[in-house]
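Here's the structure we're looking at; comments come further down.
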Amino acid sequence: MNTENANLPASFKVIGVGTGIEEVINKVKLLGLDGISAEIAEYPYECIPNDEDKMVIIVAKDNEDHANNIAKTFHEAGVLTLGLLDNADLDCYDSVVSEASYTEYPELIKAILQPIVTQGMIAYDFNDLQTVLTDVKHFFIKSATGHGNERVAESIGFIKSTLTSSLLNKTEMLSIFLYFNKEDKQPLVMQEMTALTDFVSELPESIYVIWAVYPDESIKDEEIKVTILATGKGLGNG
């Protein structure tokens with residue numbers, strides 16, 4: 001196992017399994033998020049949960065059997081266990097990504113981790129993430145960036161276009177994250193948030209919704225990024 005981050009205090013782990021996974025793990029390390037360790041597992045028996053572990057994200061391009069075995073160990077230890085891979089054994093995970101390609105994995109990992117390790121104006125913590133991802137079997141992530149005066153409405157519009165009626169019918173819980181730059185020359189104002197609140201009000205009442213707002217210095221001037229995390233047992237079907 002690559003132990004570069006092994007001595008750092010980390011409640012959240014990203015474990016890469018198999019060949020060709022180095023690029024993903026290196027990109028996760030470059031995120032510089034606190035409380036995160038990212039490593040490559042050479043041998044499944046090296047990956048042992050400890051008392052500090054709260055969540056593990058298993059990422060694989062191949063060697064799914066090894067990935068599933070590692071996931072099973074963490075899942076049975078009560079650690080929130082997420083999978084970014086094809087051919088996952090769902091019994092070994094709390095939830096596995098749906099409708100995502102390998103090239104998207106670094107951004108998906110960032111989308112999962114950023115809310116729980118960043119201080120938000122309207123916060124979302126690990127307990128919220130655990131609520132929406134524990135034993136739901138499938139999750140779906142999508143992000144959109146809007147520009148200019150209609151930036152929130154623009155990003156929400158794109159998100160709405162990806163949430164087909166079929167997806168919404170299978171969604172049980174939905175987390176919405178809005179990111180903005182505090183130093184933006186066009187400050188975020190409350191009236192812009194109408195697009196977000198209108199979107200939430202239009203969702204089926206059966207969907208449990210949590211939303212949060214975060215500063216993010218990587219967001220460019222006059223831009224807003226919106227990310228959604230949808231979960232539900234039926235999201236992996238069809």
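Residues in the structure tokens are named by chain (A, B, ... in the order shown) and by number from 1 within that chain; ligands are numbered from 1 in the order shown.
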Using DSSP on the backbone coordinates, identify all residues within segment 19-138 of chain A classified as alpha helix (DSSP H); present the result as an MDAnalysis selection string.
chainID A and resid 22:30 64:76 105:117 126:133
For Asn50 of chain A, work out the shell of residues within 10 Å, counting only C-alpha atoms and skipping chain neighbours fewer than 5 positions away, then give it as a PDB file with N, CA, C and O atoms, in the first residue's frame.
ATOM      1  N   SER A  11     -10.289  10.741   8.972  1.00  0.00           N
ATOM      2  CA  SER A  11     -11.521   9.988   9.214  1.00  0.00           C
ATOM      3  C   SER A  11     -12.108   9.483   7.908  1.00  0.00           C
ATOM      4  O   SER A  11     -12.969   8.612   7.913  1.00  0.00           O
ATOM      5  N   PHE A  74     -14.723  -2.981   5.348  1.00  0.00           N
ATOM      6  CA  PHE A  74     -15.102  -1.701   5.946  1.00  0.00           C
ATOM      7  C   PHE A  74     -16.595  -1.641   6.242  1.00  0.00           C
ATOM      8  O   PHE A  74     -17.017  -1.154   7.297  1.00  0.00           O
ATOM      9  N   ALA A  77     -17.545  -3.361   9.277  1.00  0.00           N
ATOM     10  CA  ALA A  77     -17.041  -2.676  10.475  1.00  0.00           C
ATOM     11  C   ALA A  77     -17.864  -1.436  10.806  1.00  0.00           C
ATOM     12  O   ALA A  77     -17.546  -0.722  11.767  1.00  0.00           O
ATOM     13  N   VAL A  79     -18.318   1.218   8.807  1.00  0.00           N
ATOM     14  CA  VAL A  79     -17.808   2.413   8.141  1.00  0.00           C
ATOM     15  C   VAL A  79     -18.678   2.688   6.911  1.00  0.00           C
ATOM     16  O   VAL A  79     -19.006   1.767   6.159  1.00  0.00           O
TER      17      VAL A  79
END
In Å, with one decimal, what is the gap from atom CA of Ile210 of chain A to atom CA of Glu222 of chain A?
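Separating atom CA of Ile210 of chain A from atom CA of Glu222 of chain A is a distance of 24.8 Å.
Ranking A:Ile70, A:Ala212, A:Met173, A:Val28 by their shortest atom-to-atom distance to Ala41 of chain A, with only C-alpha atoms included, puts A:Ile70 first.
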Let's see if you can do this: from backbone DSSP, list all strand (DSSP E or B) residues in segment 1-233 of chain A, as a ChimeraX atom specification.
/A:12-17,36-41,55-60,80-84,95-97,122,137-147,173-180,208-215,223-231
As a PDB file with all heavy atoms, in the first residue's frame, please: the residues near Gly146 of chain A (cut-off 7 Å, only C-alpha atoms, same-chain neighbours under 6 positions excluded).
ATOM      1  N   VAL A 152     -27.287  31.553 -11.050  1.00  0.00           N
ATOM      2  CA  VAL A 152     -27.933  30.504 -10.252  1.00  0.00           C
ATOM      3  C   VAL A 152     -29.020  29.820 -11.073  1.00  0.00           C
ATOM      4  O   VAL A 152     -29.095  28.580 -11.121  1.00  0.00           O
ATOM      5  CB  VAL A 152     -28.513  31.081  -8.947  1.00  0.00           C
ATOM      6  CG1 VAL A 152     -29.236  29.981  -8.167  1.00  0.00           C
ATOM      7  CG2 VAL A 152     -27.414  31.688  -8.090  1.00  0.00           C
ATOM      8  N   GLU A 154     -29.205  29.639 -14.281  1.00  0.00           N
ATOM      9  CA  GLU A 154     -28.582  28.892 -15.363  1.00  0.00           C
ATOM     10  C   GLU A 154     -28.085  27.534 -14.884  1.00  0.00           C
ATOM     11  O   GLU A 154     -28.321  26.514 -15.540  1.00  0.00           O
ATOM     12  CB  GLU A 154     -27.412  29.704 -15.936  1.00  0.00           C
ATOM     13  CG  GLU A 154     -26.683  29.038 -17.091  1.00  0.00           C
ATOM     14  CD  GLU A 154     -25.503  29.864 -17.582  1.00  0.00           C
ATOM     15  OE1 GLU A 154     -25.569  31.110 -17.509  1.00  0.00           O
ATOM     16  OE2 GLU A 154     -24.504  29.254 -18.018  1.00  0.00           O
ATOM     17  N   SER A 155     -27.403  27.510 -13.745  1.00  0.00           N
ATOM     18  CA  SER A 155     -26.891  26.242 -13.226  1.00  0.00           C
ATOM     19  C   SER A 155     -28.029  25.324 -12.795  1.00  0.00           C
ATOM     20  O   SER A 155     -27.995  24.111 -13.045  1.00  0.00           O
ATOM     21  CB  SER A 155     -25.915  26.484 -12.068  1.00  0.00           C
ATOM     22  OG  SER A 155     -26.513  27.260 -11.055  1.00  0.00           O
ATOM     23  N   GLU A 223     -19.462  33.699 -11.321  1.00  0.00           N
ATOM     24  CA  GLU A 223     -19.887  32.317 -11.509  1.00  0.00           C
ATOM     25  C   GLU A 223     -20.458  31.736 -10.220  1.00  0.00           C
ATOM     26  O   GLU A 223     -20.132  32.187  -9.123  1.00  0.00           O
ATOM     27  CB  GLU A 223     -18.719  31.432 -11.977  1.00  0.00           C
ATOM     28  CG  GLU A 223     -18.287  31.673 -13.408  1.00  0.00           C
ATOM     29  CD  GLU A 223     -17.266  30.648 -13.886  1.00  0.00           C
ATOM     30  OE1 GLU A 223     -16.757  29.854 -13.067  1.00  0.00           O
ATOM     31  OE2 GLU A 223     -16.983  30.660 -15.100  1.00  0.00           O
ATOM     32  N   ILE A 224     -21.283  30.752 -10.382  1.00  0.00           N
ATOM     33  CA  ILE A 224     -21.846  29.958  -9.287  1.00  0.00           C
ATOM     34  C   ILE A 224     -21.797  28.495  -9.718  1.00  0.00           C
ATOM     35  O   ILE A 224     -22.082  28.177 -10.874  1.00  0.00           O
ATOM     36  CB  ILE A 224     -23.314  30.352  -8.998  1.00  0.00           C
ATOM     37  CG1 ILE A 224     -23.405  31.721  -8.356  1.00  0.00           C
ATOM     38  CG2 ILE A 224     -23.995  29.299  -8.116  1.00  0.00           C
ATOM     39  CD1 ILE A 224     -22.917  31.792  -6.928  1.00  0.00           C
ATOM     40  N   LYS A 225     -21.425  27.612  -8.806  1.00  0.00           N
ATOM     41  CA  LYS A 225     -21.494  26.181  -9.117  1.00  0.00           C
ATOM     42  C   LYS A 225     -22.539  25.520  -8.232  1.00  0.00           C
ATOM     43  O   LYS A 225     -22.601  25.791  -7.029  1.00  0.00           O
ATOM     44  CB  LYS A 225     -20.140  25.500  -8.898  1.00  0.00           C
ATOM     45  CG  LYS A 225     -20.163  24.018  -9.308  1.00  0.00           C
ATOM     46  CD  LYS A 225     -18.786  23.373  -9.225  1.00  0.00           C
ATOM     47  CE  LYS A 225     -18.443  22.971  -7.814  1.00  0.00           C
ATOM     48  NZ  LYS A 225     -17.220  22.142  -7.732  1.00  0.00           N
TER      49      LYS A 225
END
Report as a Markdown table: every residue of segment 178-221 of chain A with an atom at most 8 Å from segment 104-120 of chain A, its closest pair of atoms, and their distance in Å to one decimal, counting only C-alpha atoms, with rows sorted by chain and ascending residue number.
| residue | atom | partner | partner_atom | distance |
| --- | --- | --- | --- | --- |
| A:Ala212 | CA | A:Gly120 | CA | 7.1 |
| A:Val213 | CA | A:Gly120 | CA | 5.8 |
| A:Tyr214 | CA | A:Gly120 | CA | 4.4 |
| A:Pro215 | CA | A:Gly120 | CA | 6.7 |
Closest to Glu172 of chain A among A:Val226, A:Ile21, A:Met121, A:Leu133, using only C-alpha atoms?
A:Leu133
Å distance separating atom CA of Val14 of chain A from atom CA of Ile48 of chain A, one decimal place:
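It comes out at 13.1 Å.
The smallest atom-to-atom distance between Thr134 of chain A and any of A:Gln191, A:Ser95, A:Asn63, A:Asn87, using only C-alpha atoms, is found for A:Ser95.
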Can you tell me which residues surround Tyr43 of chain A at a distance of at most 12 Å, considering only C-alpha atoms, apart from same-chain residues fewer than 3 positions away, and format the answer as a list in words?
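The filter keeps Met1, Asn2, Ile15, Gly16, Val17, Gly18, Glu39, Ile40, Glu46, Cys47, Ile48, Asn63, Asp65, His66, Ala67, Asn69 and Ile70 of chain A.
The nearest approach to Lys233 of chain A among the residues A:Glu202, A:Asp135, A:Glu99, A:Asp128, with only C-alpha atoms taken into account, belongs to A:Asp135.
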Using only C-alpha atoms, find the one residue out of A:Thr81, A:Ser206, A:Thr73, A:Thr162 that sits nearest to Lys13 of chain A.
A:Thr81
Tell me which of A:Leu82, A:Leu30, A:Ala71, A:Val96 sits closest to Ile57 of chain A, counting only C-alpha atoms.
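Looking at the shortest contact to Ile57 of chain A, the residue is A:Leu82.
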